[in-house]
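Undergrad: Quick one: this structure, given as structure tokens, is what I'll be asking you about.
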Amino acid sequence: MTPPDPRLLGPLIAQLRLARGWSQQRLAAELCAASGAATVTRHEISRWERQARVPGDRWLRRLALVLDAPAGLLVEAAGRSRHHGPVGAGGSRSRSALLALAQRWVADPHAPLLVAPAAHRSAPAGATGRSDPGGPAGPGELAELRRLDDLTGGADLAPAGAYRLRRAVRALAGAGPAERRRLLPVLAETAQLAGWLHADAGEPTAGLDAYRLGLRAAAAAGDPALAGHVLGSASHLLAGAGDPEGALLLARTAYAGARRSAGPGLRALLLHRVALAAALGGRARAARQALDAARRTAGAVEPGAEPAWLYWLDDTELAAMTGRALVALGRPRPALPLLRAARRGGRPRRAAVYGGWLARGLLQLGEVEQACAVAGAALLDAVRAGSARAATPLVELERRLAAHRTEPAVRRYAALLADARGFLPRGPATAPSRPPAPGRRGGTSGGAGATRRPGGGTRPTPTG
């Protein structure tokens, strides 16, 4: 099992509970016994773990008592959760809506989930009043946006993804039955890409909203494989936002609903989504089973046989996903060569993402100096990529290095991270944990809500 991660309270409670082999019902019973009052139910524990609610100090002390955990650990995690939540402001509603829709879809893939769409609310602020020339993005436009996504991050591309999604929604709203059948897959692919870009920009709530629309469109188009890919992408978002339980539920739902129609590449990808979420949630056995199944499935992948939206999936990427899950499971040694291979190839975001996991694996082995060197290079790649997804683990690594704070390599990394913060996309986990000083909003010199970029100037801060 991975050690508890105190970044957010919900995942921490879940990991501590699972480490004792307790159900949510058992934890509720223990808390009631400790307090002498039957006021906590399984549903309340679920709300705490999903971060729909944060317990007060009295219950934090009792949680520390029954879970045999330091009270300060829980208090620190609760403070972070109150400021950020699992997926940003309003994110719990978007998360709950997507989880409910996913369950409806897997129970009845042919249910009419898609209603007449209105203007999608993830459109860039101030852009909804303009008319959009032309119809939805065609295959060429989507392919071009995907190629751009290989080279730069969501901080720059999310507005373009939202613009294309808005066009697709409006085209579908005015289409007749025959045209509607043609446009539904386009809408689903566009929504999946827009959700991915929002997540990469540090805008998880907008990402979840786009994924929900993508699931509706894929289901209405009768394409369970694409619907599974949408849910797998949403699972990856929740896993990175500190919600492994929600991520695991979405990944399992995606695999259950898509496996009969998906090719081996998509099945392997969805099994990797299951493995990562299970590993992050402390479910080691489930993670190992998913990894074993993913390895067997990946052996049947044929180049060029998967849908166009899986163009990026190759042997190196699948191997790196295995390495990432192994690190999350606390088994870094076999993971290191897989992660080192994934860092090559000149794509800054991939180098940053897997560099962060490589640094975490090296730290698990006690190689502090190497971990800091790898993390420093990955941090520069994250700045180049403009990716909150890549930056978040590198910011989190500073906490993991706290036990070695006196070592020169750790001090150098902390100084580099402090210098780089102003250039990183401002997602929930990359923002400074301390509040800004009085009279300064957002803690930047570019004015309220601005983030400095290399070469001078500012850009609006993402609002996820």
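Each chain of the structure tokens is named A, B, ... in the order shown, its residues numbered from 1; ligands are numbered from 1 in display order.
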Applying 12 Å and only C-alpha atoms, which residues near A:Val274 remain after dropping the ones on its own chain fewer than 3 positions away? List them as a ChimeraX atom specification.
TA: /A:231-236,238-239,244-256,267-271,277-281,283-294,321-322,325
Undergrad: Which residues of stretch 378-400 of chain A come within 10 Å of stretch 179-200 of chain A, and for each one, what is the closest pair of atoms and their distance in Å to one decimal, counting only C-alpha atoms, sorted by chain and residue number, as a tab-separated table?
TA:
residue	atom	partner	partner_atom	distance
A:Ala385	CA	A:Asp200	CA	9.9
A:Gly386	CA	A:Asp200	CA	8.3
A:Ser387	CA	A:Asp200	CA	5.3
A:Ala388	CA	A:Asp200	CA	5.4
A:Arg389	CA	A:Asp200	CA	5.0
A:Ala390	CA	A:Asp200	CA	7.9
A:Ala391	CA	A:Asp200	CA	9.6
Undergrad: Between atom CA of A:Ala218 and atom CA of A:Thr205, what is the distance, to one decimal in Å?
TA: 20.0 Å
Undergrad: Given the choices A:Gly282, A:Gly376, A:Gly72, A:Pro425, which gets closest to A:Glu203 if the distance is worked out from only C-alpha atoms?
TA: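 The shortest atom-to-atom distance to A:Glu203 comes from A:Pro425.
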Undergrad: What is the distance, in Å and to one decimal place, between atom CA of A:Ala28 and atom CA of A:Arg42?
TA: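 If I compute the distance from atom CA of A:Ala28 to atom CA of A:Arg42, I get 5.6 Å.
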Undergrad: Could you pull out the helix (DSSP H, G or I) residues of stretch 214-433 of chain A, going by DSSP on the backbone, and write them as a PyMOL selection string?
TA: chain A and resi 214-220+224-240+244-258+264-280+284-298+308-310+315-328+335-342+348-364+368-385+388-400+402-404+408-423
Undergrad: Find the residue from A:Gly242, A:Gly153, A:Gly366, A:Pro264 that sits nearest to A:Gln51; use only C-alpha atoms when measuring.
TA: A:Gly242
